[in-house]
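Chemist: To start, I am sharing the structure in question, which I have written as structure tokens.
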Number of protein chains: 2
Amino acid sequence: MILKNLDRYRIILASNSPRRRQLLADLGLDFNVLTLDTEEDFPEGLSMSEIPVYLAELKAQPFDIKDDDLLVITADTIVWCDGEVLTKPADSADAKRILQKLSGKKHQVLTGVCIKTKDKQRSFFSKTDVCFKQLSDEEIDYYIEHYQPFDKAGAYGIQEWIGYIGIEKIEGSYFNVMGLPVQQLYQELKKF
Amino acid sequence: MILKNLDRYRIILASNSPRRRQLLADLGLDFNVLTLDTEEDFPEGLSMSEIPVYLAELKAQPFDIKDDDLLVITADTIVWCDGEVLTKPADSADAKRILQKLSGKKHQVLTGVCIKTKDKQRSFFSKTDVCFKQLSDEEIDYYIEHYQPFDKAGAYGIQEWIGYIGIEKIEGSYFNVMGLPVQQLYQELKKF
């Protein structure tokens, strides 16, 4: 591995997201995937940036690490628009409602990450602003029908067709919007 | 195709870049690839944003279109840092020099695009700011050795390892840095 300081660890990525697995693999890390059940609720009153960190730490909680050589990475991505978290759509009508809300304006995508070993825990987040053009109903319907974005918070994937035709600009990390802020994670792991 | 107004055209992408081909395909367009030889020189005195448009139009020039149903798309991407264009690296030492120049600062990536038919020609450009963290010599050497970025202006690909570990943030379009501003191209084609 490129990060020699991690050679002593077996790395676990606790995420079912195929996008996160791919991003971590492309970073050049060797790891295994293991997820443990957790709730995905957060208490009221948390700020926009506290929520994804809270949820990433919540996902790390069930890992009661006793081995010196184990390192667990968890992450949670939220889509924030007009003061509220946009969840995964329940169905096509819900996906359409969410995309109409995002249309023609700027929203925020935040990923919280938690790195946990037996002795240490470190959390951080990354925020990216994303600007959608005014989406037509035809474009929204076409996307939902062909891409079925029901597993995606905010009802879209930046790396899918709607990201190609709809996103005018971003400010921040592109990979963060995909689900993992790889540059920041690399820096944190480097000094871990 | 999603863009019904283009159904009457056979689309030609005049680019040898596999990244551009993939991006245009992911946009949902049917097209063929055909490149014709051109110089890639530009006159002195052009501004940062005039250069890629000039070069995209230069690539469109040899297409002397006589058919009503032909539409040609050309593009050129430049990397601009500290007031000069960074070219493709000649060798490993040159790639290292270029990446050391980009390290720890912000630079600009601009893609010019030209759409040409028998009767019409339309050109535009997109600009993205890219911020690299301070890259270590070890990281630069590792990247050059493993990725051989000799076909890339600025000696890097944002979608490769160096983009994952090195790019702190961008402002603008991610796909523009890969070589084609797909969102703007879609809008231009939609109203063409």
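Ordered as shown in the structure tokens, chains take letters A, B, and onward, while each chain numbers its residues from 1 and ligands are numbered from 1 in the order shown.
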Show me, as a PyMOL selection string, every residue of chain A with an atom at most 9 Å from chain B, counting only C-alpha atoms.
Modeler: chain A and resi 2+23+26-28+128+139+142+160-175+181-187
Chemist: Take the residues just selected and output them with C-alpha atoms as a PDB file, in the first residue's frame.
Modeler:
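Listed below is the output, part-v9.pdb:
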ATOM      1  CA  ILE A   2       1.045   3.569  -0.609  1.00  0.00           C
ATOM      2  CA  LEU A  23     -13.560   4.914  -4.323  1.00  0.00           C
ATOM      3  CA  ASP A  26      -9.114   3.421  -6.279  1.00  0.00           C
ATOM      4  CA  LEU A  27      -7.342   5.193  -3.429  1.00  0.00           C
ATOM      5  CA  GLY A  28      -5.010   2.178  -3.436  1.00  0.00           C
ATOM      6  CA  THR A 128     -19.633  20.278  -1.426  1.00  0.00           C
ATOM      7  CA  GLU A 139     -35.617  15.267 -17.966  1.00  0.00           C
ATOM      8  CA  TYR A 142     -36.465  10.235 -18.116  1.00  0.00           C
ATOM      9  CA  GLU A 160     -25.197   9.345 -13.596  1.00  0.00           C
ATOM     10  CA  TRP A 161     -26.990  10.956 -16.546  1.00  0.00           C
ATOM     11  CA  ILE A 162     -28.737  13.589 -14.422  1.00  0.00           C
ATOM     12  CA  GLY A 163     -25.335  14.694 -13.102  1.00  0.00           C
ATOM     13  CA  TYR A 164     -24.049  15.028 -16.677  1.00  0.00           C
ATOM     14  CA  ILE A 165     -26.916  17.100 -18.036  1.00  0.00           C
ATOM     15  CA  GLY A 166     -28.088  18.830 -14.887  1.00  0.00           C
ATOM     16  CA  ILE A 167     -25.183  19.951 -12.707  1.00  0.00           C
ATOM     17  CA  GLU A 168     -23.862  23.341 -13.771  1.00  0.00           C
ATOM     18  CA  LYS A 169     -21.065  23.538 -11.218  1.00  0.00           C
ATOM     19  CA  ILE A 170     -19.826  22.224  -7.905  1.00  0.00           C
ATOM     20  CA  GLU A 171     -17.621  23.782  -5.279  1.00  0.00           C
ATOM     21  CA  GLY A 172     -15.656  21.323  -3.172  1.00  0.00           C
ATOM     22  CA  SER A 173     -14.862  17.632  -3.732  1.00  0.00           C
ATOM     23  CA  TYR A 174     -16.588  15.683  -6.534  1.00  0.00           C
ATOM     24  CA  PHE A 175     -15.867  12.328  -4.878  1.00  0.00           C
ATOM     25  CA  PRO A 181     -14.163  12.502   0.438  1.00  0.00           C
ATOM     26  CA  VAL A 182     -11.114  10.498  -0.662  1.00  0.00           C
ATOM     27  CA  GLN A 183      -8.598  13.343  -0.554  1.00  0.00           C
ATOM     28  CA  GLN A 184      -9.417  14.278   3.039  1.00  0.00           C
ATOM     29  CA  LEU A 185      -9.612  10.608   4.040  1.00  0.00           C
ATOM     30  CA  TYR A 186      -6.157   9.996   2.553  1.00  0.00           C
ATOM     31  CA  GLN A 187      -4.714  12.935   4.522  1.00  0.00           C
TER      32      GLN A 187
END
Chemist: Could you write out, as number ranges by chain, all the residues of chain A that DSSP marks as strand (DSSP E)?
Modeler: A: 10-13, 32-33, 70-81, 84-86, 106-116, 121-132, 167-172
Chemist: Env of Glu84 of chain A: 12 Å cut, atoms = only C-alpha atoms, seq-sep filter 5 positions within chain, self excluded. Answer as JSON, numbers by chain.
Modeler: {"A": [44, 45, 46, 47, 48, 49, 51, 78, 79, 98, 101, 102, 107, 108, 109, 154]}
Chemist: Pick from B:Asp37, B:Asp69, B:Asp91, B:Asp7: nearest to Gln148 of chain B, with only C-alpha atoms counted?
Modeler: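 Nearest to Gln148 of chain B: B:Asp91.
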Chemist: Check the DSSP output for the backbone and give back, as a PyMOL selection string, the residues of chain B in alpha helix (DSSP H).
Modeler: chain B and resi 18-26+50-60+92-102+137-147+161-166+174-178+182-190
Chemist: Considering only C-alpha atoms, return as a list in words whatever protein or nucleic-acid residues lie within 6 Å of segment 117-125 of chain A, sequence-local ones (same chain, fewer than 3 positions apart) excluded.
Modeler: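 Residues meeting the cut-off are Ile65, Lys66, Asp68, Leu70, Leu71, Thr111, Gly112, Val113 and Cys114 of chain A.
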Chemist: Would you pick out the contacts of Lys4 of chain B at 12 Å or less, using only C-alpha atoms, so that residues sharing its chain but fewer than 6 positions from it are not included, and give the list as a PyMOL selection string?
Modeler: (chain A and resi 138) or (chain B and resi 28-30+189-192)
Chemist: I'd like the contact shell of Arg19 of chain A - 9 Å cut-off, only C-alpha atoms, skipping same-chain residues fewer than 5 positions apart - returned as a PDB file with C-alpha atoms, in the first residue's frame.
Modeler:
ATOM      1  CA  LEU A  24     -11.613   3.342  -1.452  1.00  0.00           C
ATOM      2  CA  MET A 178     -20.298  10.306  -4.774  1.00  0.00           C
ATOM      3  CA  GLY A 179     -20.066   9.270  -1.109  1.00  0.00           C
ATOM      4  CA  LEU A 180     -16.484   9.469   0.135  1.00  0.00           C
TER       5      LEU A 180
END
Chemist: One decimal, in Å: what's the spacing between atom CA of Phe132 of chain B and atom CA of Trp80 of chain B?
Modeler: 13.5 Å
Chemist: Using only C-alpha atoms, which of B:Pro89, B:Pro52, B:Pro18, B:Pro62 sits nearest Thr77 of chain B?
Modeler: B:Pro52
Chemist: Could you state the separation of atom CA of Leu110 of chain B and atom CA of Leu135 of chain B in Å, given to one decimal place?
Modeler: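 About the pair atom CA of Leu110 of chain B and atom CA of Leu135 of chain B: they are 22.4 Å apart.
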